[in-house]
Amino acid sequence: MKLIEKNQADTQTNAACEAEKFPNPVDDIVPGWSIDPVTGERFFTSPKGTTFFAGSGGLRAAVGDRAPAPVCGWIEVVSEGCNRDGKGFKRLVRFKDRRGIMHRLMLDLSDIGGNPGAVCKRLLDDGLPLYSVTQQGGNAQLVDFLLNAPVQHQFTAADSYGWFERGGVFVLPAGAVGIPSDGVKVEPPGDDTGAPMYSQAGTLEQWKATIGMDARHSSRIAFAICIAFAAPLLAFTDEGSGGFHFVGKSSQGKSTAMKALCSVWAQAVEGCGELASWRSTDNGLEAVAAAHTDLPLILDELKQAERSVEQALYMLANGAGKRRQTRGLKAQKPLTWRTLYASTGELTADELAAQYGKEVATGANVRMANIPAVPEGGAFGVFETVPQGMTPEALAESFAHNAARIYGTAGPAFLTRLVERVQSLGGAERMAEDLRRMMKEWIESNGADVLSSQTRRVAKRFALVAAAGE
């Protein structure tokens, strides 16, 4: 029982759900459903003998010759699917809450049948009007409906966000970009543990005219934005996960750069959402990293990692978590990821470790490149220039204001164009070749081809970001 969408923007979620194609009671009857000639409601009879009536007023159920009685508000079982291995069957459900706002939930069949109380609790928490529950918190008729309602559409459940088919289908929390080779719709993973808090507000043109244009005044902010676009390109390289650390004193513009980066995919609000923290347990950071495969990860204020900074750097770069056991001593599949992360802090990893009498190995330092938040000779903090008649403080406030109200459109638009580009080039391998060429040209033009092997690894990460920006 997992949430697909967190409904951060209720009106957008409602519109997106309404725009999907679902059965119409009059002209598009799913096999297994019939039409009541009197009420116009759709109905079917489950294997248990209960007849369910689904209409605009909600779900009703009739047992035997009894009159139909209300079960809950408006609810629809949209489709059914499983993962690529033919396991983990799920049902996609949409319903209206008490305000009339549409929600979408992915429910595991094992949860519907094995933990009905938890299923009903989740639906109640999300606002579904449910007219009766047992002492255990369940509702047998609702469970019967969820398990047996006939569906016409099938889907494949993705195991994670990111590339489902490299260059062809990319999975985001709100849905997939691209069409899979087998033509079967791909749905996001149901597990929302650490899931990206992505949402949209405003238009792409508004984002370009504000954050995109204002980024011209700061090489650091422009670079941060390009990190947001570079993460999906990692899959076309042989590079592993890595990051960039923006270093500088407080109030020099580090958070402004992170808000601009965040706005590519999500709302940038300090203390929540995508502006995450280094203050996490190993397990927590692993879950967040796994949920951001092929997506950018933002980690604010390195000093919150404290003594574990070197361990965290190695863990993020390794791309795989620890193998753990369940209570039944079964080995769990370790979490995996591939991500570019952006970090901020007043200290470098070396400086932070030194406070605890430790050193950070060169290998760990290679995994996170330091970038001074203030450009050399800069007099305006993170900015090289400011618009005439404007102060650096006012420009920074403009970024914060716009990133909180215009966001989440540039990333999906970039993915759409990227999928189109892969197709026009002739496939993922051709895209990889093209990307290697661009990175090689950047490295050679910046003299990095004569550097040490470790420094060259860092240069290749910079080259990837540059290619994404272009």
# chains A, B, ... in the order shown; residues from 1 in each chain; ligands from 1
>>> select_by_dssp(residues="range 49-294 of chain A", states="strand (DSSP E or B)", output="ChimeraX atom specification")
/A:50-55,58-63,69-72,75-82,90-96,102-108,130,153-157,162-165,169-172,175-177,185-187,201,242-247,275-277
>>> residues_around(residues="range 132-135 of chain A", least_positions_apart="3", cutoff="8 Å", atoms="only C-alpha atoms", output="list in words")
Val71, Gly138 and Asn139 of chain A
>>> select_by_dssp(residues="range 352-448 of chain A", states="alpha helix (DSSP H)", output="number ranges by chain")
A: 352-354, 362-366, 392-405, 410-425, 428-445
>>> atom_distance(atom1="CA of Ser56 in chain A", atom2="CA of Asp111 in chain A")
26.8 Å
>>> residues_around(residues="range 94-103 of chain A", least_positions_apart="2", cutoff="6 Å", atoms="only C-alpha atoms", output="list of chain:residue names")
A:Asn14, A:Trp74, A:Ile75, A:Glu76, A:Gly127, A:Leu128
>>> closest_atom_pairs(of="range 34-129 of chain A", to="range 183-205 of chain A", cutoff="8 Å", atoms="only C-alpha atoms", output="tab-separated table")
residue	atom	partner	partner_atom	distance
A:Leu105	CA	A:Gly190	CA	7.8
A:Met106	CA	A:Gly190	CA	5.4
A:Leu107	CA	A:Gly190	CA	7.4
>>> write_last_selection(atoms="N, CA and C atoms", output="PDB file, in the first residue's frame")
ATOM      1  N   LEU A 105      -3.581   6.301  -5.746  1.00  0.00           N
ATOM      2  CA  LEU A 105      -2.810   5.422  -4.865  1.00  0.00           C
ATOM      3  C   LEU A 105      -2.475   4.133  -5.588  1.00  0.00           C
ATOM      4  N   MET A 106      -1.262   3.645  -5.344  1.00  0.00           N
ATOM      5  CA  MET A 106      -0.886   2.322  -5.821  1.00  0.00           C
ATOM      6  C   MET A 106      -0.998   1.375  -4.632  1.00  0.00           C
ATOM      7  N   LEU A 107      -1.823   0.353  -4.758  1.00  0.00           N
ATOM      8  CA  LEU A 107      -2.051  -0.590  -3.666  1.00  0.00           C
ATOM      9  C   LEU A 107      -1.527  -1.966  -4.052  1.00  0.00           C
TER      10      LEU A 107
END
>>> closest_residue(among="A:Leu172, A:Val458, A:Val78, A:Ala410", to="Cys226 in chain A", atoms="only C-alpha atoms")
A:Ala410
>>> closest_residue(among="A:Ser398, A:Asp126, A:Gly321, A:Phe145", to="Phe53 in chain A", atoms="only C-alpha atoms")
A:Phe145
>>> residues_around(residues="Leu302 in chain A", least_positions_apart="5", cutoff="8 Å", atoms="only C-alpha atoms", output="list in words")
Trp278, Val309, Ser343, Thr344, Gly345, Glu346, Leu347, Thr348 and Ala349 of chain A
>>> closest_atom_pairs(of="range 189-276 of chain A", to="range 376-387 of chain A", cutoff="12 Å", atoms="only C-alpha atoms", output="CSV")
residue,atom,partner,partner_atom,distance
A:Met213,CA,A:Pro387,CA,11.2
A:Asp214,CA,A:Pro387,CA,8.9
A:Ala215,CA,A:Phe383,CA,8.9
A:Arg216,CA,A:Thr385,CA,8.5
A:His217,CA,A:Thr385,CA,5.0
A:Ser218,CA,A:Phe383,CA,4.4
A:Ser219,CA,A:Glu384,CA,7.4
A:Arg220,CA,A:Val382,CA,6.6
A:Ile221,CA,A:Val382,CA,7.6
A:Ala222,CA,A:Phe383,CA,10.3
A:Phe223,CA,A:Val382,CA,11.5
A:Ala224,CA,A:Val382,CA,11.6
A:Phe246,CA,A:Val382,CA,10.2
A:Val247,CA,A:Val382,CA,10.7
A:Gly248,CA,A:Gly381,CA,9.4
A:Lys249,CA,A:Gly381,CA,9.7
A:Ser250,CA,A:Gly381,CA,10.1
A:Ser251,CA,A:Gly381,CA,8.0
A:Gln252,CA,A:Gly381,CA,4.7
A:Gly253,CA,A:Val382,CA,5.0
A:Lys254,CA,A:Val382,CA,7.1
A:Ser255,CA,A:Val382,CA,9.8
A:Thr256,CA,A:Val382,CA,8.3
A:Ala257,CA,A:Val382,CA,8.1
A:Met258,CA,A:Val382,CA,11.5
>>> closest_residue(among="A:Gly284, A:Pro232, A:Gly389, A:Gly212", to="Gly162 in chain A", atoms="only C-alpha atoms")
A:Pro232
>>> atom_distance(atom1="CA of Phe52 in chain A", atom2="CA of Gln136 in chain A")
22.9 Å
>>> atom_distance(atom1="CA of Leu395 in chain A", atom2="CA of Ile211 in chain A")
10.4 Å
>>> closest_residue(among="A:Ala312, A:Ile35, A:Ala403, A:Ala268", to="Ala289 in chain A", atoms="only C-alpha atoms")
A:Ala312
